[in-house]
Amino acid sequence: MMDLGEIRDTRPEDWPQIYSLIERVFLRSDEARFMRNLLDNDDVVLSLAHQRRPGEHGEITGFIAYSRVLLETDDGLYDALAMAPLVVDPSCQGKGIGLELLSISQEILKAMGEKLSFVLGEPDYYAKLGYSPEVASKFKGPYSGPYLLGLRYSDDIPSSGTLIYPEAFAQVKG
């Protein structure tokens, strides 16, 4: 069951809390810098926050963002998304916040007309909401392999191609 709170669009005043949350979860600053770079370059398509206590001053305990990636095919370029990062405060993990962030964001993305999303992550976790290595295996890119997962929101997408990520992705150290 999800922790009491609300999931909402991020606001400018949220970013200091979000950067701090990302650093607490990853135990380093590379991913927070990655998120700043995505925002600075206008690569973010959607970002949502889970706020523990609804209202103006509630603590942000979860966050998800999607950035624009491109699919290069023989027929041209197509829009797709990369989901990164998804973070939940360590004290709140295991309560369904991450899955709720994923579920709500997917509904929003479908309504926006998005067609395809990728994530680099644990297959068993992301499979709970439809991500699969089979979808991603048709696309080549710098993160190809068993942990690159894809989710189709539509059948109206190319069957293969090369993924082109925003520059910020290359700046994150493994």
# chains A, B, ... in the order shown; residues from 1 in each chain; ligands from 1

$ residues_around --residues "A:Leu38" --least-positions-apart "3" --cutoff "9 Å" --atoms "only C-alpha atoms" --output "list in words"
Arg33, Phe34, Met35, Asn41, Asp42, Asp43, Val44, Ser67, Pro166, Glu167, Ala168 and Phe169 of chain A

$ residues_around --residues "A:Ser20" --least-positions-apart "6" --cutoff "12 Å" --atoms "only C-alpha atoms" --output "PDB file with N, CA and C atoms, in the first residue's frame"
ATOM      1  N   ASP A  14      10.527  22.592  -5.624  1.00  0.00           N
ATOM      2  CA  ASP A  14      10.796  21.205  -5.231  1.00  0.00           C
ATOM      3  C   ASP A  14      12.231  20.773  -5.476  1.00  0.00           C
ATOM      4  N   PHE A  26      21.169   7.428  -4.132  1.00  0.00           N
ATOM      5  CA  PHE A  26      22.313   6.915  -4.884  1.00  0.00           C
ATOM      6  C   PHE A  26      23.636   7.033  -4.119  1.00  0.00           C
ATOM      7  N   LEU A  27      23.634   7.730  -2.987  1.00  0.00           N
ATOM      8  CA  LEU A  27      24.815   7.896  -2.139  1.00  0.00           C
ATOM      9  C   LEU A  27      25.982   8.566  -2.859  1.00  0.00           C
ATOM     10  N   ARG A  28      25.658   9.427  -3.822  1.00  0.00           N
ATOM     11  CA  ARG A  28      26.661  10.214  -4.530  1.00  0.00           C
ATOM     12  C   ARG A  28      25.941  11.317  -5.292  1.00  0.00           C
ATOM     13  N   SER A  29      26.700  12.247  -5.832  1.00  0.00           N
ATOM     14  CA  SER A  29      26.086  13.418  -6.456  1.00  0.00           C
ATOM     15  C   SER A  29      25.953  13.322  -7.975  1.00  0.00           C
ATOM     16  N   ASP A  30      26.515  12.293  -8.617  1.00  0.00           N
ATOM     17  CA  ASP A  30      26.460  12.191 -10.079  1.00  0.00           C
ATOM     18  C   ASP A  30      25.033  12.223 -10.612  1.00  0.00           C
ATOM     19  N   GLU A  31      24.127  11.494  -9.976  1.00  0.00           N
ATOM     20  CA  GLU A  31      22.758  11.416 -10.482  1.00  0.00           C
ATOM     21  C   GLU A  31      22.001  12.724 -10.277  1.00  0.00           C
ATOM     22  N   ALA A  32      22.278  13.438  -9.201  1.00  0.00           N
ATOM     23  CA  ALA A  32      21.648  14.747  -9.004  1.00  0.00           C
ATOM     24  C   ALA A  32      22.151  15.730 -10.066  1.00  0.00           C
ATOM     25  N   ARG A  33      23.430  15.681 -10.355  1.00  0.00           N
ATOM     26  CA  ARG A  33      24.001  16.523 -11.412  1.00  0.00           C
ATOM     27  C   ARG A  33      23.393  16.142 -12.769  1.00  0.00           C
ATOM     28  N   MET A  35      20.384  14.976 -13.273  1.00  0.00           N
ATOM     29  CA  MET A  35      19.032  15.537 -13.323  1.00  0.00           C
ATOM     30  C   MET A  35      19.079  17.031 -13.612  1.00  0.00           C
ATOM     31  N   ARG A  36      20.012  17.740 -12.980  1.00  0.00           N
ATOM     32  CA  ARG A  36      20.176  19.181 -13.256  1.00  0.00           C
ATOM     33  C   ARG A  36      20.483  19.431 -14.734  1.00  0.00           C
ATOM     34  N   GLU A  59       7.056  16.834   2.749  1.00  0.00           N
ATOM     35  CA  GLU A  59       8.345  16.252   2.384  1.00  0.00           C
ATOM     36  C   GLU A  59       8.204  15.426   1.110  1.00  0.00           C
ATOM     37  N   ILE A  60       9.115  15.615   0.164  1.00  0.00           N
ATOM     38  CA  ILE A  60       9.119  14.822  -1.062  1.00  0.00           C
ATOM     39  C   ILE A  60       9.857  13.524  -0.778  1.00  0.00           C
ATOM     40  N   THR A  61       9.138  12.414  -0.960  1.00  0.00           N
ATOM     41  CA  THR A  61       9.696  11.104  -0.648  1.00  0.00           C
ATOM     42  C   THR A  61       9.871  10.224  -1.875  1.00  0.00           C
ATOM     43  N   GLY A  62       9.440  10.702  -3.042  1.00  0.00           N
ATOM     44  CA  GLY A  62       9.623   9.947  -4.274  1.00  0.00           C
ATOM     45  C   GLY A  62       9.640  10.876  -5.471  1.00  0.00           C
ATOM     46  N   PHE A  63      10.283  10.417  -6.533  1.00  0.00           N
ATOM     47  CA  PHE A  63      10.428  11.251  -7.720  1.00  0.00           C
ATOM     48  C   PHE A  63      10.642  10.361  -8.936  1.00  0.00           C
ATOM     49  N   VAL A  87      13.304   7.462  -7.923  1.00  0.00           N
ATOM     50  CA  VAL A  87      13.884   7.353  -6.582  1.00  0.00           C
ATOM     51  C   VAL A  87      12.799   7.428  -5.522  1.00  0.00           C
ATOM     52  N   VAL A  88      12.997   6.657  -4.463  1.00  0.00           N
ATOM     53  CA  VAL A  88      12.121   6.689  -3.289  1.00  0.00           C
ATOM     54  C   VAL A  88      13.021   6.740  -2.069  1.00  0.00           C
ATOM     55  N   ASP A  89      12.706   7.643  -1.154  1.00  0.00           N
ATOM     56  CA  ASP A  89      13.478   7.768   0.074  1.00  0.00           C
ATOM     57  C   ASP A  89      13.644   6.391   0.714  1.00  0.00           C
TER      58      ASP A  89
END

$ select_by_dssp --residues "stretch 54-162 of chain A" --states "strand (DSSP E or B)" --output "ChimeraX atom specification"
/A:60-73,76-88,116-120,132,139-140,148-152,161-162

$ residues_around --residues "stretch 146-153 of chain A" --least-positions-apart "4" --cutoff "9 Å" --atoms "only C-alpha atoms" --output "ChimeraX atom specification"
/A:106,109-110,113-123,126-127,129-137,157

$ write_last_selection --atoms "C-alpha atoms" --output "PDB file, in the first residue's frame"
ATOM      1  CA  GLN A 106       2.484   5.920 -17.673  1.00  0.00           C
ATOM      2  CA  LEU A 109       2.373   9.677 -21.009  1.00  0.00           C
ATOM      3  CA  LYS A 110      -0.265   7.671 -22.869  1.00  0.00           C
ATOM      4  CA  GLY A 113       0.404  10.607 -27.056  1.00  0.00           C
ATOM      5  CA  GLU A 114       3.803   9.138 -26.216  1.00  0.00           C
ATOM      6  CA  LYS A 115       4.462   5.767 -27.814  1.00  0.00           C
ATOM      7  CA  LEU A 116       7.582   4.173 -26.328  1.00  0.00           C
ATOM      8  CA  SER A 117       9.613   4.355 -23.129  1.00  0.00           C
ATOM      9  CA  PHE A 118      12.919   2.817 -22.051  1.00  0.00           C
ATOM     10  CA  VAL A 119      14.486   2.263 -18.646  1.00  0.00           C
ATOM     11  CA  LEU A 120      17.817   0.889 -17.517  1.00  0.00           C
ATOM     12  CA  GLY A 121      16.990  -1.145 -14.437  1.00  0.00           C
ATOM     13  CA  GLU A 122      16.088  -4.344 -12.679  1.00  0.00           C
ATOM     14  CA  PRO A 123      13.926  -6.459 -15.042  1.00  0.00           C
ATOM     15  CA  TYR A 126       9.979  -2.932 -14.000  1.00  0.00           C
ATOM     16  CA  ALA A 127       8.181  -5.959 -15.487  1.00  0.00           C
ATOM     17  CA  LEU A 129       4.268  -2.471 -15.113  1.00  0.00           C
ATOM     18  CA  GLY A 130       4.991  -3.893 -18.534  1.00  0.00           C
ATOM     19  CA  TYR A 131       8.636  -3.052 -19.274  1.00  0.00           C
ATOM     20  CA  SER A 132      10.462  -5.885 -21.008  1.00  0.00           C
ATOM     21  CA  PRO A 133      13.910  -6.670 -22.404  1.00  0.00           C
ATOM     22  CA  GLU A 134      12.242  -8.076 -25.538  1.00  0.00           C
ATOM     23  CA  VAL A 135      10.909  -4.653 -26.558  1.00  0.00           C
ATOM     24  CA  ALA A 136      14.270  -2.991 -25.910  1.00  0.00           C
ATOM     25  CA  SER A 137      16.295  -5.706 -27.671  1.00  0.00           C
ATOM     26  CA  ILE A 157       6.386   2.710 -33.582  1.00  0.00           C
TER      27      ILE A 157
END

$ residues_around --residues "A:Gly96" --least-positions-apart "3" --cutoff "12 Å" --atoms "only C-alpha atoms" --output "VMD selection string"
chain A and resid 1 to 5 50 61 to 62 87 to 89 92 to 93 99 to 103 125 128

$ atom_distance --atom1 "atom CA of A:Leu163" --atom2 "atom CA of A:Pro85"
17.7 Å

$ residues_around --residues "A:Arg11" --least-positions-apart "4" --cutoff "12 Å" --atoms "only C-alpha atoms" --output "mmCIF file with N, CA and C atoms, in the first residue's frame"
data_model
loop_
_atom_site.group_PDB
_atom_site.id
_atom_site.type_symbol
_atom_site.label_atom_id
_atom_site.label_comp_id
_atom_site.auth_asym_id
_atom_site.auth_seq_id
_atom_site.Cartn_x
_atom_site.Cartn_y
_atom_site.Cartn_z
ATOM 1 N N ILE A 7 0.771 12.301 -5.375
ATOM 2 C CA ILE A 7 1.686 12.365 -6.500
ATOM 3 C C ILE A 7 1.218 13.528 -7.354
ATOM 4 N N TRP A 15 12.910 21.429 -6.424
ATOM 5 C CA TRP A 15 14.182 20.888 -6.888
ATOM 6 C C TRP A 15 15.245 20.730 -5.815
ATOM 7 N N PRO A 16 15.422 21.633 -4.870
ATOM 8 C CA PRO A 16 16.420 21.354 -3.827
ATOM 9 C C PRO A 16 16.129 20.049 -3.067
ATOM 10 N N GLN A 17 14.865 19.816 -2.729
ATOM 11 C CA GLN A 17 14.500 18.564 -2.049
ATOM 12 C C GLN A 17 14.730 17.358 -2.946
ATOM 13 N N ILE A 18 14.397 17.499 -4.230
ATOM 14 C CA ILE A 18 14.566 16.377 -5.165
ATOM 15 C C ILE A 18 16.042 16.035 -5.329
ATOM 16 N N LEU A 46 8.471 14.863 -18.598
ATOM 17 C CA LEU A 46 7.539 14.721 -17.475
ATOM 18 C C LEU A 46 8.338 14.451 -16.208
ATOM 19 N N SER A 47 7.966 15.119 -15.121
ATOM 20 C CA SER A 47 8.549 14.810 -13.815
ATOM 21 C C SER A 47 7.457 14.930 -12.767
ATOM 22 N N LEU A 48 7.405 13.917 -11.900
ATOM 23 C CA LEU A 48 6.401 13.850 -10.844
ATOM 24 C C LEU A 48 7.077 13.639 -9.496
ATOM 25 N N ALA A 49 6.458 14.165 -8.457
ATOM 26 C CA ALA A 49 6.963 13.988 -7.095
ATOM 27 C C ALA A 49 5.890 13.329 -6.241
ATOM 28 N N HIS A 50 6.328 12.481 -5.324
ATOM 29 C CA HIS A 50 5.442 11.975 -4.270
ATOM 30 C C HIS A 50 5.738 12.827 -3.049
ATOM 31 N N GLN A 51 4.707 13.449 -2.541
ATOM 32 C CA GLN A 51 4.844 14.320 -1.379
ATOM 33 C C GLN A 51 4.111 13.647 -0.225
ATOM 34 N N GLU A 56 1.571 22.583 0.797
ATOM 35 C CA GLU A 56 2.714 23.316 0.277
ATOM 36 C C GLU A 56 4.053 22.901 0.862
ATOM 37 N N HIS A 57 4.088 22.364 2.067
ATOM 38 C CA HIS A 57 5.375 22.123 2.713
ATOM 39 C C HIS A 57 5.625 20.661 3.057
ATOM 40 N N ILE A 60 9.115 15.615 0.164
ATOM 41 C CA ILE A 60 9.119 14.822 -1.062
ATOM 42 C C ILE A 60 9.857 13.524 -0.778
ATOM 43 N N PHE A 63 10.283 10.417 -6.533
ATOM 44 C CA PHE A 63 10.428 11.251 -7.720
ATOM 45 C C PHE A 63 10.642 10.361 -8.936
#

$ atom_distance --atom1 "atom CA of A:Gly161" --atom2 "atom CA of A:Asp74"
7.8 Å

$ atom_distance --atom1 "atom CA of A:Ser91" --atom2 "atom CA of A:Asn37"
27.0 Å

$ select_by_dssp --residues "chain A" --states "helix (DSSP H, G or I)" --output "PyMOL selection string"
chain A and resi 12-26+30-40+90-92+97-111+123-129+133-136+167-170

$ closest_residue --among "A:Val45, A:Glu6, A:Glu23, A:Arg68" --to "A:Ile108" --atoms "only C-alpha atoms"
A:Val45
